[in-house]
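Inspection log for the structure reproduced underneath, given as structure tokens.
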Amino acid sequence: MLQQSQAPITRPITTAHLATTMSLMSLTAIELQERIEAELASNPALELGDRHYCTSCGRPQAEKGSCPVCSRLSTGSGEEPIVFVSPREDFYLPSRQSTSNGIPSDEIIAETDDLPTYVLRQIAPELAPDDRLLAAHLLTSLDEDGLLRVPLIEFARYHHRPTSHIEQILRLIQRADPVGVGSPSPQGALLVQLEVLGETQSIPPMTDQAIRQGMDLLSRRHFTELGKLLGISTSRVKQIARFISDNLNPYPARSHWGSVHQGVEPAQDVYHFPDILISRLNDNPDSSLVVEVISPLAGMLHLNSLFRQSIHLAPPDKVDEWQNDLEQASLLIKCLQQRNHTIVRLMQRITAIQRHFILHGDAFLEPLTRASLADELQVHESTISRAVAGKAVQLPNGKIVPLSKMFDRSLHIRTELRQIIAHECRPLTDTEIAALLKKKGHRVARRTVAKYRAKEGILPAHLRQPLQTAG
DNA sequence: CTATGGCACGGATT
DNA sequence: AATCCGTGCCATAG
């Protein structure tokens with residue numbers, strides 16, 4: 001309501017308008033940047049203006065005027081989140097690392113102890129300064145398991161380097177201390193570890209093939225089937241599985257693989273660069289949340305006024321084309337604004353509703369559906385779907401999670417489940433867990449408990465506290 | 001016999 | 001219209 005009257009954006013919606021907005025809506029920050037750059041390259045009516053900076057904090061801004069963060073510094077508390085479009089492009093790097101010469105030398109790195117810096121310290125000597133920045137980029141994109149689930153092509157595009165170059169660096173990373181870090185999947189991590197291990201000790205035959213061809217069977221412990229696939233006996237397979245769980249770790253960032261883990265396909269939860277950053281304005285418990293909707297080049301796009309003025313000078317056969325370029329350009333700008341505006345409104349609601357989740361973690365996730373938000377915001381459900389799909393948000397604690405996590409219907413139950421199992425004295429069966437959950441007010445079937453366990457990577461009861469191991 | 005995973009169906013969600 | 005998720009039934013492993 002507010003926004004409709006104040007926004008210069010609302011005008012009779014044409015089908016082109018609608019189509020463009022829709023297509024922009026589903027793009028991630030990086031895709032958006034590519035899209036805009038392509039348009040800039042092909043459309044002379046579009047012009048890239050100067051970037052605006054906040055005069056007090058220096059933060060790049062989408063609009064001239066006082067920075068939304070600075071202007072709230074004094075009053076920055078309460079439930080109301082500060083949501084705005086931010087054109088910053090250094091979002092993928094911890095701010096400390098962005099010096100002009102790439103990654104600063106070891107003194108600075110040595111300060112912290114997190115995984116990225118730990119690995120970087122090991123491999124930095126072997127890298128050219130430029131490559132250190134790239135390596136840092138790769139390392140900061142690891143997920144919590146130490147896997148790199150971002151397609152390499154994204155880095156290649158971003159740094160304008162061939163993928164082979166990225167692979168070369170990645171290879172160094174993978175062979176550094178938590179061996180296998182930076183692999184694209186648990187499977188990849190195992191293979192790297194196997195390779196490194198093989199250089200110093202002997203490994204059971206067929207282990208490599210078992211991992212390559214039968215990873216999912218392996219993780220589901222379907223040893224008989226796997227044996228058939230590989231043409232070896234079940235006991236051999238068990239031997240291999242034993243070797244793997246003793247010596248290898250599919251999640252390099254975790255210390256040991258206590259859980260033989262989710263049978264789900266790898267492809268689904270790909271981590272992207274964050275499209276949205278959420279941080280706290282200050283350290284007060286009731287601090288406002290600062291939400292930056294990343295939109296590359298926001299506020300820098302204009303219609304090229306020279307082009308516009310000279311349209312009447314166009315050669316007769318080009319008039320239509322030039323006119324078209326102008327319309328195209330103005331359409332893009334308007335739709336971009338509309339897209340960002342919608343996402344801002346969306347995030348405003350989401351961060352208000354999920355404030356506790358954002359600050360305090362999974363257990364505090366509120367049940368939330370896209371449909372209800374669509375209703376509140378007076379937009380089509382599909383708009384919300386598109387706006388949420390494929391995007392990632394960086395939480396105040398630095399974790400990057402898919403935006404769709406905010407809509408997870410079962411997460412809070414799954415965290416309950418994890419707690420129950422963490423506190424159990426004796427392995428509880430699924431049926432018992434279901435009963436416990438019911439007491440806590442979560443009505444779920446026994447079968448569903450099993451699914452949740454799988455999703456959380458928790459072993460079945462009889463394998464959790466094994467009194468003895470077979471084999 | 002019990003606990004669990006696979007498969008498949010139906011309802012909800014996107 | 002397509003997809004995801006919870007659930008019931010049945011086969012299988014221990």
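Ligands are numbered from 1 in the order shown, chains are lettered A, B, ... in the order of the structure tokens, and residues start at 1 in each chain.
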key: Spatial neighbours of C:DA11, max dist 12 Å, only C-alpha atoms (C1' of nucleotides), sep filter under 3 positions, as a list of chain:residue names   =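 The neighbour list is B:DT4, B:DG5, B:DG6, B:DC7.
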task = Identify every residue of chain A that has at least one atom within 7 Å of any atom of chain C, counting only C-alpha atoms (C1' of nucleotides), and report the result as a PyMOL selection string.
result = chain A and resi 445+447-448
query = Mind listing as a ChimeraX atom specification which residues of chain A are within 10 Å of chain B, counting only C-alpha atoms (C1' of nucleotides)?
reply = /A:220,369-371,381-382,384-386,429-431,447,450-451,460-462
task = List the neighbours of A:Val291 out to 6 Å using only C-alpha atoms (C1' of nucleotides); skip same-chain residues closer than 5 positions along the sequence, and give me the result as a list in words.
result =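 Here the answer would be Ile82, Val83, Leu277 and Ile278 of chain A.
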request  = Pick out each residue of stretch 318-395 of chain A that DSSP on the backbone tags as helix (DSSP H, G or I); I need them as a PyMOL selection string.
outcome  = chain A and resi 318-353+355-360+362-364+370-377+381-388
ask   = So what do you get for atom CA of A:Pro186 versus atom CA of A:Asp208, distance-wise?
value = 13.5 Å
